[in-house]
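J.: After the structure tokens below, expect a handful of questions from me.
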Number of protein chains: 2
Amino acid sequence: MGELNDAKSDRTDGEGEGDLPPRQASRQTLIDATLDSIAEIGLIRTSVSEIISRAGLSRGMIHLHFQGKENLLVAAAAFSSDRYHKRLGHHLERAKPGPQFRIEALILCDLSEEGLNENIVRTTHEFQGATRAFPMLAPYSDTRDTRLRTYFEQAFEEIFTQLGETDPKLAAQDMTTGLVAMMEGLWVDYLLHPKDFDRAQAARIVFRTLAGILPRYFGLAGALETAS
Amino acid sequence: MGELNDAKSDRTDGEGEGDLPPRQASRQTLIDATLDSIAEIGLIRTSVSEIISRAGLSRGMIHLHFQGKENLLVAAAAFSSDRYHKRLGHHLERAKPGPQFRIEALILCDLSEEGLNENIVRTTHEFQGATRAFPMLAPYSDTRDTRLRTYFEQAFEEIFTQLGETDPKLAAQDMTTGLVAMMEGLWVDYLLHPKDFDRAQAARIVFRTLAGILPRYFGLAGALETAS
DNA sequence: GGCAAAAATGGACGATTGTCCATTTTTGCC
DNA sequence: GGCAAAAATGGACAATCGTCCATTTTTGCC
């Protein structure tokens, strides 16, 4: 649903800080510059000077809008995470009915040009790795897996229930863990070799794996219509 | 190989790399301290002061042994990578003959307590993410996938050749990419939730996936003896 | 024990970090 | 147009960064 858009006097925002810096445009400029810098030169080298240089703004803006660099990083991670989940929801809405089609939609979303590109993969990976240094980033790094996992798990549970599995919850958990791991690993693969990465091959591999375990629901090309 | 003494009168002392760093003990102490620091507080916060504090040595030692922080990071990455591959080789030697047993050995090695623990996962992930900031670390981050991938690919090619697959090389590539991705993803899973991670479940998931595609070679518990 | 080389020390150094604030510029309402 | 509030500026500041070197301590051979 609609989070962080306008709502001009959103007073209750965040914790109990009294003063609310409003100007939205340069706030977003700072977030964009931060994400660009992280993607391009990494979180380590993303300094305040680097950010304001990319944003074309002055030094004090970060403190004015975010009361420090750390909050800016959190805001950037939140923005990135939110964008990711909006995309997921978008693809889910367009999916045909049936659990196997929701699973297919999520997989194809995560491998599409808009869902899997160098900027996204780099920033995601950087945030993930910075969890130790900046614990407040953890929830946003974790959300990707958590939310994606939930969608997968529900869909798999439907399937295993249909199949009459004795413990559909456990089977769904295992399938989800394996599938999320494979998707995560493909992202790392893309991160390390963006030029050699083949989206079609990646999708084929994922669906071949699913077809091996759930042949009535998945084929090599994706989800199958013929679910009893 | 082992030249750690003599070269006594290499007095040129210019900025060329003529002088050989001799004292091995404190050199290793620095590497260990660096890896510990990276695992514990992350690469971002691993400063020279932090390293020498953990090592119990003095400030100048880094410059004496490594001519700078960057070379120390490279040496630490190289040491970590080397240790990983020695462990892989060890497990490969002990594997029963047959490609499916080599694959099983690699998987179990990568999921064992000695192959998958918080220190290893954290440092590996940190180095992987630092590739953008420190390009000289790239080869050592890449080696893990490359070497593991080679082992898998050869074994799978044997299997697919035995099965009379029309294009055993391509099939082996796909299987390898999927399996490496899944292993990589399980590492990330462990990284984010070391307490909740279940090694037995992880192994079961991997073998269930393999069993789905290669049922004559793998069962839910691991590799099968019955490969005609 | 003497003594030169090696190993190790720890402070100086300039550069850069993130924070903060006194100012200036822009905005928006009368 | 005037003028107060908001937005934006850019430099001061202490702290920390990594590098480097003059010095001291330890080592090893005669």
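Here, A, B, ... name the chains of the structure tokens in the order displayed, residue numbers run from 1 inside each chain, and ligands are numbered from 1 in the same displayed order.
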Near Pro168 in chain A, counting only C-alpha atoms (C1' of nucleotides), which residues have an atom at most 9 Å away, once you skip same-chain residues fewer than 4 positions from it, shown as a ChimeraX atom specification?

T.: /A:156-161,163-164,172-173

J.: Which residues are close to DC20 in chain D, i.e. within 12 Å by only C-alpha atoms (C1' of nucleotides), leaving aside same-chain residues fewer than 2 positions away? Reply as a VMD selection string.

T.: (chain B and resid 59 to 64 67 to 68) or (chain C and resid 10 to 14) or (chain D and resid 18 22)

J.: Next, write the just-selected residues to a file, as a PDB file, in the first residue's frame, keeping N, CA and C atoms (P, O5', C5', C4', C3', O3' and C1' of nucleotides) as the atom set.

T.:
ATOM      1  N   ARG B  59      51.847  -0.272  15.475  1.00  0.00           N
ATOM      2  CA  ARG B  59      51.316   0.358  14.284  1.00  0.00           C
ATOM      3  C   ARG B  59      52.127   0.084  13.009  1.00  0.00           C
ATOM      4  N   GLY B  60      53.432   0.149  13.141  1.00  0.00           N
ATOM      5  CA  GLY B  60      54.269   0.081  11.955  1.00  0.00           C
ATOM      6  C   GLY B  60      54.359  -1.295  11.317  1.00  0.00           C
ATOM      7  N   MET B  61      53.894  -2.306  12.023  1.00  0.00           N
ATOM      8  CA  MET B  61      54.055  -3.682  11.533  1.00  0.00           C
ATOM      9  C   MET B  61      53.343  -3.923  10.206  1.00  0.00           C
ATOM     10  N   ILE B  62      52.236  -3.280  10.028  1.00  0.00           N
ATOM     11  CA  ILE B  62      51.497  -3.488   8.788  1.00  0.00           C
ATOM     12  C   ILE B  62      52.307  -2.984   7.596  1.00  0.00           C
ATOM     13  N   HIS B  63      52.886  -1.823   7.784  1.00  0.00           N
ATOM     14  CA  HIS B  63      53.693  -1.284   6.703  1.00  0.00           C
ATOM     15  C   HIS B  63      54.959  -2.109   6.510  1.00  0.00           C
ATOM     16  N   LEU B  64      55.503  -2.611   7.610  1.00  0.00           N
ATOM     17  CA  LEU B  64      56.723  -3.420   7.522  1.00  0.00           C
ATOM     18  C   LEU B  64      56.472  -4.717   6.755  1.00  0.00           C
ATOM     19  N   GLN B  67      53.515  -3.367   3.476  1.00  0.00           N
ATOM     20  CA  GLN B  67      53.651  -2.094   2.758  1.00  0.00           C
ATOM     21  C   GLN B  67      52.313  -1.386   2.607  1.00  0.00           C
ATOM     22  N   GLY B  68      51.407  -1.608   3.540  1.00  0.00           N
ATOM     23  CA  GLY B  68      50.134  -0.895   3.470  1.00  0.00           C
ATOM     24  C   GLY B  68      48.965  -1.794   3.801  1.00  0.00           C
TER      25      GLY B  68
ATOM     26  P    DG C  10      54.904   0.503  21.966  1.00  0.00           P
ATOM     27  O5'  DG C  10      54.742   2.017  21.493  1.00  0.00           O
ATOM     28  C5'  DG C  10      55.806   2.921  21.709  1.00  0.00           C
ATOM     29  C4'  DG C  10      55.613   4.149  20.844  1.00  0.00           C
ATOM     30  C3'  DG C  10      54.182   4.695  20.795  1.00  0.00           C
ATOM     31  O3'  DG C  10      54.237   6.110  20.767  1.00  0.00           O
ATOM     32  C1'  DG C  10      54.942   4.341  18.639  1.00  0.00           C
ATOM     33  P    DG C  11      53.229   6.979  21.575  1.00  0.00           P
ATOM     34  O5'  DG C  11      53.602   8.465  21.107  1.00  0.00           O
ATOM     35  C5'  DG C  11      54.967   8.833  20.949  1.00  0.00           C
ATOM     36  C4'  DG C  11      55.202   9.481  19.597  1.00  0.00           C
ATOM     37  C3'  DG C  11      54.172  10.550  19.208  1.00  0.00           C
ATOM     38  O3'  DG C  11      54.848  11.689  18.733  1.00  0.00           O
ATOM     39  C1'  DG C  11      54.387   8.978  17.464  1.00  0.00           C
ATOM     40  P    DA C  12      54.070  13.061  18.630  1.00  0.00           P
ATOM     41  O5'  DA C  12      54.399  13.505  17.129  1.00  0.00           O
ATOM     42  C5'  DA C  12      55.727  13.342  16.631  1.00  0.00           C
ATOM     43  C4'  DA C  12      55.729  13.530  15.117  1.00  0.00           C
ATOM     44  C3'  DA C  12      54.832  14.663  14.616  1.00  0.00           C
ATOM     45  O3'  DA C  12      55.490  15.377  13.583  1.00  0.00           O
ATOM     46  C1'  DA C  12      54.146  12.605  13.641  1.00  0.00           C
ATOM     47  P    DC C  13      54.919  16.714  13.064  1.00  0.00           P
ATOM     48  O5'  DC C  13      54.129  16.324  11.745  1.00  0.00           O
ATOM     49  C5'  DC C  13      54.796  15.599  10.706  1.00  0.00           C
ATOM     50  C4'  DC C  13      53.779  15.093   9.713  1.00  0.00           C
ATOM     51  C3'  DC C  13      52.610  16.046   9.491  1.00  0.00           C
ATOM     52  O3'  DC C  13      52.903  16.883   8.390  1.00  0.00           O
ATOM     53  C1'  DC C  13      51.934  13.729   9.575  1.00  0.00           C
ATOM     54  P    DG C  14      51.951  18.129   8.092  1.00  0.00           P
ATOM     55  O5'  DG C  14      51.008  17.597   6.936  1.00  0.00           O
ATOM     56  C5'  DG C  14      51.558  16.927   5.802  1.00  0.00           C
ATOM     57  C4'  DG C  14      50.480  16.121   5.107  1.00  0.00           C
ATOM     58  C3'  DG C  14      49.279  16.944   4.615  1.00  0.00           C
ATOM     59  O3'  DG C  14      48.879  16.454   3.338  1.00  0.00           O
ATOM     60  C1'  DG C  14      48.529  15.280   6.090  1.00  0.00           C
TER      61       DG C  14
ATOM     62  P    DG D  18      42.372   2.740   8.088  1.00  0.00           P
ATOM     63  O5'  DG D  18      43.600   3.285   7.244  1.00  0.00           O
ATOM     64  C5'  DG D  18      43.389   3.689   5.896  1.00  0.00           C
ATOM     65  C4'  DG D  18      44.679   4.230   5.320  1.00  0.00           C
ATOM     66  C3'  DG D  18      45.844   3.236   5.336  1.00  0.00           C
ATOM     67  O3'  DG D  18      46.577   3.342   4.136  1.00  0.00           O
ATOM     68  C1'  DG D  18      46.418   5.155   6.590  1.00  0.00           C
ATOM     69  P    DA D  22      63.849   9.177   9.155  1.00  0.00           P
ATOM     70  O5'  DA D  22      64.371   9.656  10.597  1.00  0.00           O
ATOM     71  C5'  DA D  22      63.582  10.554  11.366  1.00  0.00           C
ATOM     72  C4'  DA D  22      63.476  10.073  12.809  1.00  0.00           C
ATOM     73  C3'  DA D  22      64.811   9.646  13.444  1.00  0.00           C
ATOM     74  O3'  DA D  22      64.865  10.127  14.778  1.00  0.00           O
ATOM     75  C1'  DA D  22      63.280   7.847  13.529  1.00  0.00           C
TER      76       DA D  22
END

J.: Following superposition of chain A onto chain B on all C-alpha atoms, paired in order, what is the C-alpha RMSD to one decimal in Å?

T.: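 The RMSD between chain A and chain B over C-alpha atoms is 3.3 Å.
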
J.: Report as a list in words all protein, DNA and RNA residues lying within 7 Å of range 77-85 of chain A, evaluated on only C-alpha atoms (C1' of nucleotides), omitting residues in the same chain fewer than 4 positions from it.

T.: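 Everything that qualifies: Leu73, Gly89, Leu137 and Tyr140 of chain A.
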
J.: Dump as a ChimeraX atom specification the residues of chain C that approach chain B to within 10 Å, counting only C-alpha atoms (C1' of nucleotides).

T.: /C:5-11

J.: Could you find all residues in range 18-222 of chain B that DSSP calls alpha helix (DSSP H) from the backbone, and write them as an MDAnalysis selection string?

T.: chainID B and resid 24:41 48:55 61:66 69:94 99:111 118:129 138:162 168:192 199:213

J.: Report, in Å to a single decimal, how far apart CA of Ala76 in chain A and C1' of DA15 in chain D are.

T.: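 About the pair C1' of DA15 in chain D and CA of Ala76 in chain A: they are 25.9 Å apart.
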
J.: Please determine, counting only C-alpha atoms, which residue among B:Thr34, B:Thr176, B:Thr146, B:Ser141 has the shortest atom-to-atom distance to Val48 in chain B.

T.: B:Thr34

J.: At what distance in Å, to one decimal, does CA of Asp167 in chain B lie from CA of Asp110 in chain A?

T.: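 Distance between the two atoms: 28.2 Å.
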
J.: Measuring between only C-alpha atoms, which one of B:Ile107, B:Ala138, B:His91, B:Ile120 shows the shortest distance to Val74 in chain B?

T.: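 Nearest candidate to Val74 in chain B out of B:Ile107, B:Ala138, B:His91, B:Ile120: B:Ala138.
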
J.: Skipping near chain neighbours, those fewer than 6 positions away, what residues fall within 10 Å of range 218-222 of chain B using only C-alpha atoms (C1' of nucleotides), listed as a VMD selection string?

T.: chain B and resid 100 to 101 103 to 105 107 to 108 200 203 to 212

J.: Save the residues we just selected, C-alpha atoms, as a compact mmCIF listing (two decimals), in the first residue's frame?

T.:
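Wrote it out as result10.txt, contents follow:
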# COMPACT_ATOMS: atom_id res chain seq x y z
CA GLN B 100 27.78 -38.67 -7.47
CA PHE B 101 29.96 -39.28 -4.43
CA ILE B 103 29.30 -34.17 -5.63
CA GLU B 104 28.01 -35.41 -2.30
CA ALA B 105 31.39 -34.81 -0.68
CA ILE B 107 28.01 -30.49 -0.73
CA LEU B 108 28.58 -31.98 2.70
CA ALA B 200 20.43 -31.39 8.14
CA ALA B 203 21.40 -31.09 3.07
CA ARG B 204 18.00 -32.71 2.71
CA ILE B 205 16.80 -29.87 0.50
CA VAL B 206 19.81 -30.06 -1.75
CA PHE B 207 19.62 -33.82 -2.15
CA ARG B 208 15.88 -33.74 -2.71
CA THR B 209 16.49 -31.31 -5.54
CA LEU B 210 19.19 -33.50 -7.03
CA ALA B 211 17.01 -36.59 -6.60
CA GLY B 212 14.22 -34.90 -8.52

J.: Write out as a list in words the residues lying within 8 Å of range 40-44 of chain A, counting only C-alpha atoms (C1' of nucleotides) and excluding same-chain residues fewer than 4 positions away.

T.: Asp36, Asn119, Arg122, Thr123, Glu126, Phe127 and Ala130 of chain A; Ile44, Gly129, Ala130, Arg132 and Ala133 of chain B

J.: For chain A, which of D:DG10, D:DG28, D:DT16, D:DT23 is the closest residue, counting only C-alpha atoms (C1' of nucleotides)?

T.: D:DG10

J.: Suppose you want the space between CA of Ser112 in chain A and CA of Arg199 in chain A; what is it in Å?

T.: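 These atoms are spaced 7.5 Å apart.
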
J.: Measuring between only C-alpha atoms (C1' of nucleotides), which one of B:Gln28, B:Met136, B:Arg45, B:Lys96 shows the shortest distance to DC17 in chain D?

T.: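 Of the candidates, the smallest distance to DC17 in chain D is held by B:Arg45.
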
J.: Using only C-alpha atoms (C1' of nucleotides), find the one residue out of D:DA8, D:DC29, D:DC21, D:DC13 that sits nearest to chain A.

T.: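 Result for the nearest residue to chain A: D:DA8.
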
J.: Between B:Ser53, B:Asn71, B:Thr46, B:Gln154, which one has atoms that come closest to chain A, using only C-alpha atoms?

T.: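 Checking each candidate against chain A, we get B:Thr46 as the closest.
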